[in-house]
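Colleague: Pasting a structure below so you can have a look.
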Amino acid sequence: MSTSSAEAAGDPPAPDAGPRPLLELSRVTVRHGSVAALSRVTAAFSPGTITCVLGENGSGKSTLVSVLSGLSRPHEGSLLLDGRPARFRSPRDARAAGIATIWNDLAVAPLLSVWRNFCLGAEPTSGVWPLRRLDRATARATAVRELAGMGLDGVDPDQPASTLRPGDRQSLAIARALHFGSRALVVDEPTAPRSLAGATQAGQALLAARARGLAVVVVTANPRYAHLIGDRFLLLASGQVAGDLTREDVDADGLTRIMAGDDELTALTATIRRTHPDR
Amino acid sequence: MTAGPLSGARSTAVRRGRGRRLLDRTLARPSSAAWVGLVLVAVFFALQAPGLVSAGGLAGVLDSAALLGIGALAVGMLLIAGHIDLSIGMVAAAGALTTGLLVTEAGWGIWPALAASLAGSLAVGLLNGWLVVRTGLPSFLVTLAAHLVLQGASLALSRAIAGTTVLQGLDGAPGWSSASTVFDATAQWGSGFFRVSIVWWLVLTAWAAWVLWRTRFGNAVFAVGGARRVARELGVPVRRTTLALFCCTAAAGWLVGTLALVRVGSAEGGSTLMPAIEFLVAAVIGGCLLTGGYGSVVGAAVGALLYAVAQFGITLAGWDPLWFQAFLGVLLVVALLANGVVRTRLREVPQS
């Protein structure tokens, strides 16, 4: 009970040589009913760093996202922003503090056009009140420029966002978060498998966010993709931190092996061999 | 095209021929199905009942389209925001009854009575909206309840106070002539008498279209209906927008009730859901999705016009008016199917 989960995993949170962490979780516990979805999790997310959160279903990834985004509050422990405890009552609070969350498929309003999506909630306007209207030219130009900055060229700003591919939609949401001054980006990756091109497109946008000095947290189930874009890897298991690795600690194959869980795979193989002797 | 091989390949895929793109755009417009339907129905009934294309026929069609269109306009905007209002028809009837009671029983002038009933209607809209955003109950049920309450209460109160649910002789009220000018002026053109309700309808539709496509409020309406959670997170005032839209439908109901009241100089309690359903049908024919996030107020106006043409055409052609309801059902199904096709095209996600 007295040892923190990070210590239990034999891997204390590494003292960061880089800039001061923007967002920190300090011994955070979140319970759903009597079940602890997160148990004394300690982690730090620094500006200009992509941290990939990896884990199986039910390992607490989604709960981590909901704590960072202000959707749920820690029952114990605290969330620190710039080293000071932060209490978000809603995702809007978190967004106002500069933490943009991109939920796996809810990042955009599907039937709104790309530019309307881009400026949603912060539309540029012209004119005075009874005639105050959207400044459509500015909004379109901004959307096209920012999307091109994400490596998304040739997008018609008037096409509905639903006609974009999932990865591009995510890029749109990331571009929006960047443009409106977010400092941290929490991305809940779609769990559905997707094409390499789609993943690469999204990865490009994430790297662009990193280059602009955002603290990026990516929750994903794909270790290869994680290793492609990530600087640090936070492994979760049963709501606890099972490992906090950097790029130097592990290669893509190693990460995949850890994720697959050697023991489990061995057990599974044994079961299959028993039931299907021909394998 | 310059950002590496991957995005180059995608760009060529995105850049299709111009003609194809135009067709896609046209098909993706919510009102396109309604326009096609309007032309078909108009041509059909013009052949069946040539009287329809005279000035008198046009005035009649536009007049019934106007009352329908004002309601459909507000209901359409509410549908785009993902909600429904079944109480709007009863707000029209109860508002008219309130105006009538204030004039006949309390001796008020017509203008103060109209102002009071407008305030009452807005209060109903506000209550509807508040219940919906506060409790998260489906607006279908909330407004159905409002419809029932209004129906029972307005009829019972009217009977208790005035002893009847039909209030006549309102045209003797102070200020009647100016009210009559504002709500019931007519202009003659050829053999047709065009009523001022048509102007109300067209001006309101134009204004609503502007609001919807050119203002932040309009963007919020689409976002609230299409992706409420995203809208809330991005700081779009979801609740305020919803409340405002319920007030709009209530105000539209009041206007429809008032236009009818001033026209005949009497007020009558209502007892059916039919007006609310007619508004809904016109808006859906015009391309508004029941699921929200998509639709147009111009489409709602076209839907109302289509509805009126069919209604008038059947009467002029000398058919049994009962055919109209059957026709309406068919029309609704066709409209839903057409909208479904449009939506599928729109939602089609390109495979990478």
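Ligands are numbered from 1 in the order shown, residues from 1 within each chain, and chains are lettered A, B, ... in the order they appear in the structure tokens.
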Could you make a table, as a tab-separated table, of the residues of chain A that have an atom within 6 Å of an atom of chain B, each with its nearest atom pair and distance in Å to one decimal, counting only C-alpha atoms, in chain and number order?

Modeller:
residue	atom	partner	partner_atom	distance
A:Pro91	CA	B:Glu233	CA	5.8
A:Arg92	CA	B:Glu233	CA	5.2
A:Ala109	CA	B:Ala227	CA	4.9
A:Gly121	CA	B:Val236	CA	4.8
A:Arg133	CA	B:Thr215	CA	4.5
A:Leu134	CA	B:Thr215	CA	5.1
A:Gly154	CA	B:Ser11	CA	5.5
A:Ser162	CA	B:Arg347	CA	5.4
A:Thr163	CA	B:Val349	CA	5.0
A:Arg165	CA	B:Pro350	CA	5.9

Colleague: Select from stretch 83-251 of chain A everything DSSP, run on the backbone, classes as strand (DSSP E), then give the selection as a PyMOL selection string.

Modeller: chain A and resi 84-86+99-102+125-126+133-134+184-188+215-220+232-237+240-246

Colleague: List the neighbours of A:Gly230 out to 8 Å using only C-alpha atoms; skip same-chain residues closer than 3 positions along the sequence, and give me the result as a PyMOL selection string.

Modeller: chain A and resi 49-52+226-227+233+247

Colleague: As a PyMOL selection string, please: the residues near stretch 69-78 of chain A (cut-off 8 Å, only C-alpha atoms, same-chain neighbours under 4 positions excluded).

Modeller: chain A and resi 25-31+40+63+65+85-95+99-101+186

Colleague: Could you list, as number ranges by chain, every residue within 7 Å of A:Pro160, counting only C-alpha atoms and ignoring same-chain residues fewer than 6 positions away?

Modeller: A: 110-114

Colleague: Taking only C-alpha atoms into account, produce a table as CSV in which each residue of stretch 100-148 of chain B with an atom at most 10 Å from an atom of stretch 171-179 of chain B appears once, together with its shortest atom pair and the distance in Å to one decimal, ordered by chain and rising number.

Modeller:
residue,atom,partner,partner_atom,distance
B:Gly100,CA,B:Ala173,CA,9.8
B:Val103,CA,B:Ala173,CA,6.5
B:Thr104,CA,B:Ala173,CA,8.1
B:Gly107,CA,B:Ala173,CA,7.7
B:Trp108,CA,B:Ala173,CA,7.4
B:Gly109,CA,B:Pro174,CA,4.6
B:Ile110,CA,B:Gly175,CA,5.8
B:Trp111,CA,B:Gly175,CA,6.6
B:Pro112,CA,B:Gly175,CA,9.4
B:Ala113,CA,B:Ala173,CA,9.9
B:Leu114,CA,B:Ala179,CA,9.4

Colleague: Run DSSP on the backbone of this structure and report the residues of stretch 85-146 of chain A it assigns to helix (DSSP H, G or I), as a list in words.

Modeller: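 Matching residues, listed in order: Pro91, Arg92, Asp93, Ala94, Arg95, Ala96, Val114, Trp115, Arg116, Asn117, Phe118, Cys119, Trp129, Pro130, Leu131, Arg136, Ala137, Thr138, Ala139, Arg140, Ala141, Thr142, Ala143, Val144, Arg145 and Glu146 of chain A.
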
Colleague: Please save C-alpha atoms of the selected residues as a PDB file, in the first residue's frame.

Modeller:
ATOM      1  CA  PRO A  91     -13.579  19.793 -20.520  1.00  0.00           C
ATOM      2  CA  ARG A  92     -14.246  23.449 -21.211  1.00  0.00           C
ATOM      3  CA  ASP A  93     -12.191  24.401 -18.170  1.00  0.00           C
ATOM      4  CA  ALA A  94      -9.353  22.250 -19.400  1.00  0.00           C
ATOM      5  CA  ARG A  95      -9.567  23.712 -22.870  1.00  0.00           C
ATOM      6  CA  ALA A  96      -9.538  27.228 -21.440  1.00  0.00           C
ATOM      7  CA  VAL A 114     -13.953  22.037 -43.094  1.00  0.00           C
ATOM      8  CA  TRP A 115     -13.572  25.763 -42.493  1.00  0.00           C
ATOM      9  CA  ARG A 116     -16.641  25.963 -40.272  1.00  0.00           C
ATOM     10  CA  ASN A 117     -15.238  23.122 -38.234  1.00  0.00           C
ATOM     11  CA  PHE A 118     -11.888  24.784 -38.054  1.00  0.00           C
ATOM     12  CA  CYS A 119     -13.147  27.996 -36.499  1.00  0.00           C
ATOM     13  CA  TRP A 129     -24.073  43.548 -33.842  1.00  0.00           C
ATOM     14  CA  PRO A 130     -27.311  43.281 -35.747  1.00  0.00           C
ATOM     15  CA  LEU A 131     -25.247  42.702 -38.860  1.00  0.00           C
ATOM     16  CA  ARG A 136     -15.737  33.764 -44.228  1.00  0.00           C
ATOM     17  CA  ALA A 137     -12.778  34.769 -46.369  1.00  0.00           C
ATOM     18  CA  THR A 138     -10.491  35.001 -43.342  1.00  0.00           C
ATOM     19  CA  ALA A 139     -11.821  31.768 -41.866  1.00  0.00           C
ATOM     20  CA  ARG A 140     -11.349  29.862 -45.131  1.00  0.00           C
ATOM     21  CA  ALA A 141      -7.854  31.223 -45.692  1.00  0.00           C
ATOM     22  CA  THR A 142      -6.818  30.434 -42.107  1.00  0.00           C
ATOM     23  CA  ALA A 143      -8.173  26.915 -42.333  1.00  0.00           C
ATOM     24  CA  VAL A 144      -6.374  26.201 -45.609  1.00  0.00           C
ATOM     25  CA  ARG A 145      -3.110  27.669 -44.341  1.00  0.00           C
ATOM     26  CA  GLU A 146      -3.156  25.804 -41.035  1.00  0.00           C
TER      27      GLU A 146
END

Colleague: What gap, in Å, lies between atom CA of B:Ser296 and atom CA of B:Arg29?

Modeller: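 It comes out at 8.4 Å.
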
Colleague: Have a look at atom CA of A:Glu189 and atom CA of A:Val219 and let me know their distance in Å, one decimal.

Modeller: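 One can read the atom CA of A:Glu189 to atom CA of A:Val219 distance as 5.7 Å.
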
Colleague: Fewer than 4 positions away in the same chain doesn't count, so skip those; otherwise give me all residues within 12 Å of B:Ala34, counting only C-alpha atoms, as a PyMOL selection string.

Modeller: chain B and resi 27+29-30+38-42+281-288+295-307+331-332+334-339+342

Colleague: Quick one: write out the picked residues with C-alpha atoms as a PDB file, in the first residue's frame?

Modeller:
ATOM      1  CA  LEU B  27     -26.531  16.623 -54.507  1.00  0.00           C
ATOM      2  CA  ARG B  29     -27.418  20.541 -50.842  1.00  0.00           C
ATOM      3  CA  PRO B  30     -30.197  19.741 -48.388  1.00  0.00           C
ATOM      4  CA  LEU B  38     -41.660  21.012 -56.247  1.00  0.00           C
ATOM      5  CA  VAL B  39     -41.121  21.142 -59.995  1.00  0.00           C
ATOM      6  CA  LEU B  40     -42.627  17.676 -60.504  1.00  0.00           C
ATOM      7  CA  VAL B  41     -45.676  18.371 -58.349  1.00  0.00           C
ATOM      8  CA  ALA B  42     -46.211  21.829 -59.850  1.00  0.00           C
ATOM      9  CA  VAL B 281     -43.352  17.410 -42.711  1.00  0.00           C
ATOM     10  CA  ALA B 282     -42.612  20.592 -44.654  1.00  0.00           C
ATOM     11  CA  ALA B 283     -39.231  20.938 -42.954  1.00  0.00           C
ATOM     12  CA  VAL B 284     -38.350  17.282 -43.562  1.00  0.00           C
ATOM     13  CA  ILE B 285     -39.425  17.491 -47.206  1.00  0.00           C
ATOM     14  CA  GLY B 286     -37.129  20.502 -47.365  1.00  0.00           C
ATOM     15  CA  GLY B 287     -34.184  18.326 -46.392  1.00  0.00           C
ATOM     16  CA  CYS B 288     -33.827  18.741 -42.637  1.00  0.00           C
ATOM     17  CA  GLY B 295     -30.811  20.992 -43.318  1.00  0.00           C
ATOM     18  CA  SER B 296     -31.749  24.344 -44.732  1.00  0.00           C
ATOM     19  CA  VAL B 297     -34.410  26.961 -44.158  1.00  0.00           C
ATOM     20  CA  VAL B 298     -34.717  27.636 -47.877  1.00  0.00           C
ATOM     21  CA  GLY B 299     -35.462  23.926 -48.160  1.00  0.00           C
ATOM     22  CA  ALA B 300     -38.156  24.289 -45.505  1.00  0.00           C
ATOM     23  CA  ALA B 301     -39.698  27.113 -47.521  1.00  0.00           C
ATOM     24  CA  VAL B 302     -39.629  24.975 -50.675  1.00  0.00           C
ATOM     25  CA  GLY B 303     -41.139  22.116 -48.697  1.00  0.00           C
ATOM     26  CA  ALA B 304     -43.961  24.373 -47.536  1.00  0.00           C
ATOM     27  CA  LEU B 305     -44.545  25.530 -51.101  1.00  0.00           C
ATOM     28  CA  LEU B 306     -44.624  21.950 -52.385  1.00  0.00           C
ATOM     29  CA  TYR B 307     -47.102  21.064 -49.666  1.00  0.00           C
ATOM     30  CA  LEU B 331     -44.384  12.538 -50.362  1.00  0.00           C
ATOM     31  CA  LEU B 332     -42.900  12.195 -46.907  1.00  0.00           C
ATOM     32  CA  VAL B 334     -40.056   9.866 -50.933  1.00  0.00           C
ATOM     33  CA  ALA B 335     -38.508  12.884 -49.243  1.00  0.00           C
ATOM     34  CA  LEU B 336     -36.999  10.741 -46.515  1.00  0.00           C
ATOM     35  CA  LEU B 337     -35.556   8.338 -49.078  1.00  0.00           C
ATOM     36  CA  ALA B 338     -34.132  11.181 -51.164  1.00  0.00           C
ATOM     37  CA  ASN B 339     -32.616  12.778 -48.081  1.00  0.00           C
ATOM     38  CA  VAL B 342     -28.053  12.726 -50.093  1.00  0.00           C
TER      39      VAL B 342
END

Colleague: Applying 6 Å and only C-alpha atoms, which residues near B:Ser117 remain after dropping the ones on its own chain fewer than 6 positions away? List them as a PDB file with N, CA, C and O atoms, in the first residue's frame.

Modeller:
ATOM      1  N   GLY B  95     -52.001  30.903 -28.113  1.00  0.00           N
ATOM      2  CA  GLY B  95     -51.644  32.321 -28.187  1.00  0.00           C
ATOM      3  C   GLY B  95     -52.811  33.142 -28.708  1.00  0.00           C
ATOM      4  O   GLY B  95     -53.137  34.206 -28.160  1.00  0.00           O
ATOM      5  N   THR B  98     -55.423  33.390 -26.071  1.00  0.00           N
ATOM      6  CA  THR B  98     -55.040  34.358 -25.038  1.00  0.00           C
ATOM      7  C   THR B  98     -55.330  35.782 -25.511  1.00  0.00           C
ATOM      8  O   THR B  98     -55.924  36.591 -24.797  1.00  0.00           O
ATOM      9  N   THR B  99     -54.890  36.071 -26.746  1.00  0.00           N
ATOM     10  CA  THR B  99     -55.165  37.393 -27.314  1.00  0.00           C
ATOM     11  C   THR B  99     -56.662  37.656 -27.295  1.00  0.00           C
ATOM     12  O   THR B  99     -57.115  38.731 -26.865  1.00  0.00           O
TER      13      THR B  99
END

Colleague: Report, in Å to a single decimal, how far apart atom CA of B:Ser271 and atom CA of B:Ala94 are.

Modeller: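 Interatomic distance, atom CA of B:Ala94 to atom CA of B:Ser271: 9.9 Å.
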
Colleague: Between B:Phe140, B:Leu101, B:Leu126, B:Val149, which has the minimum distance to B:Gly163 (counting only C-alpha atoms)?

Modeller: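 Under the stated criterion, the closest residue is B:Leu101.
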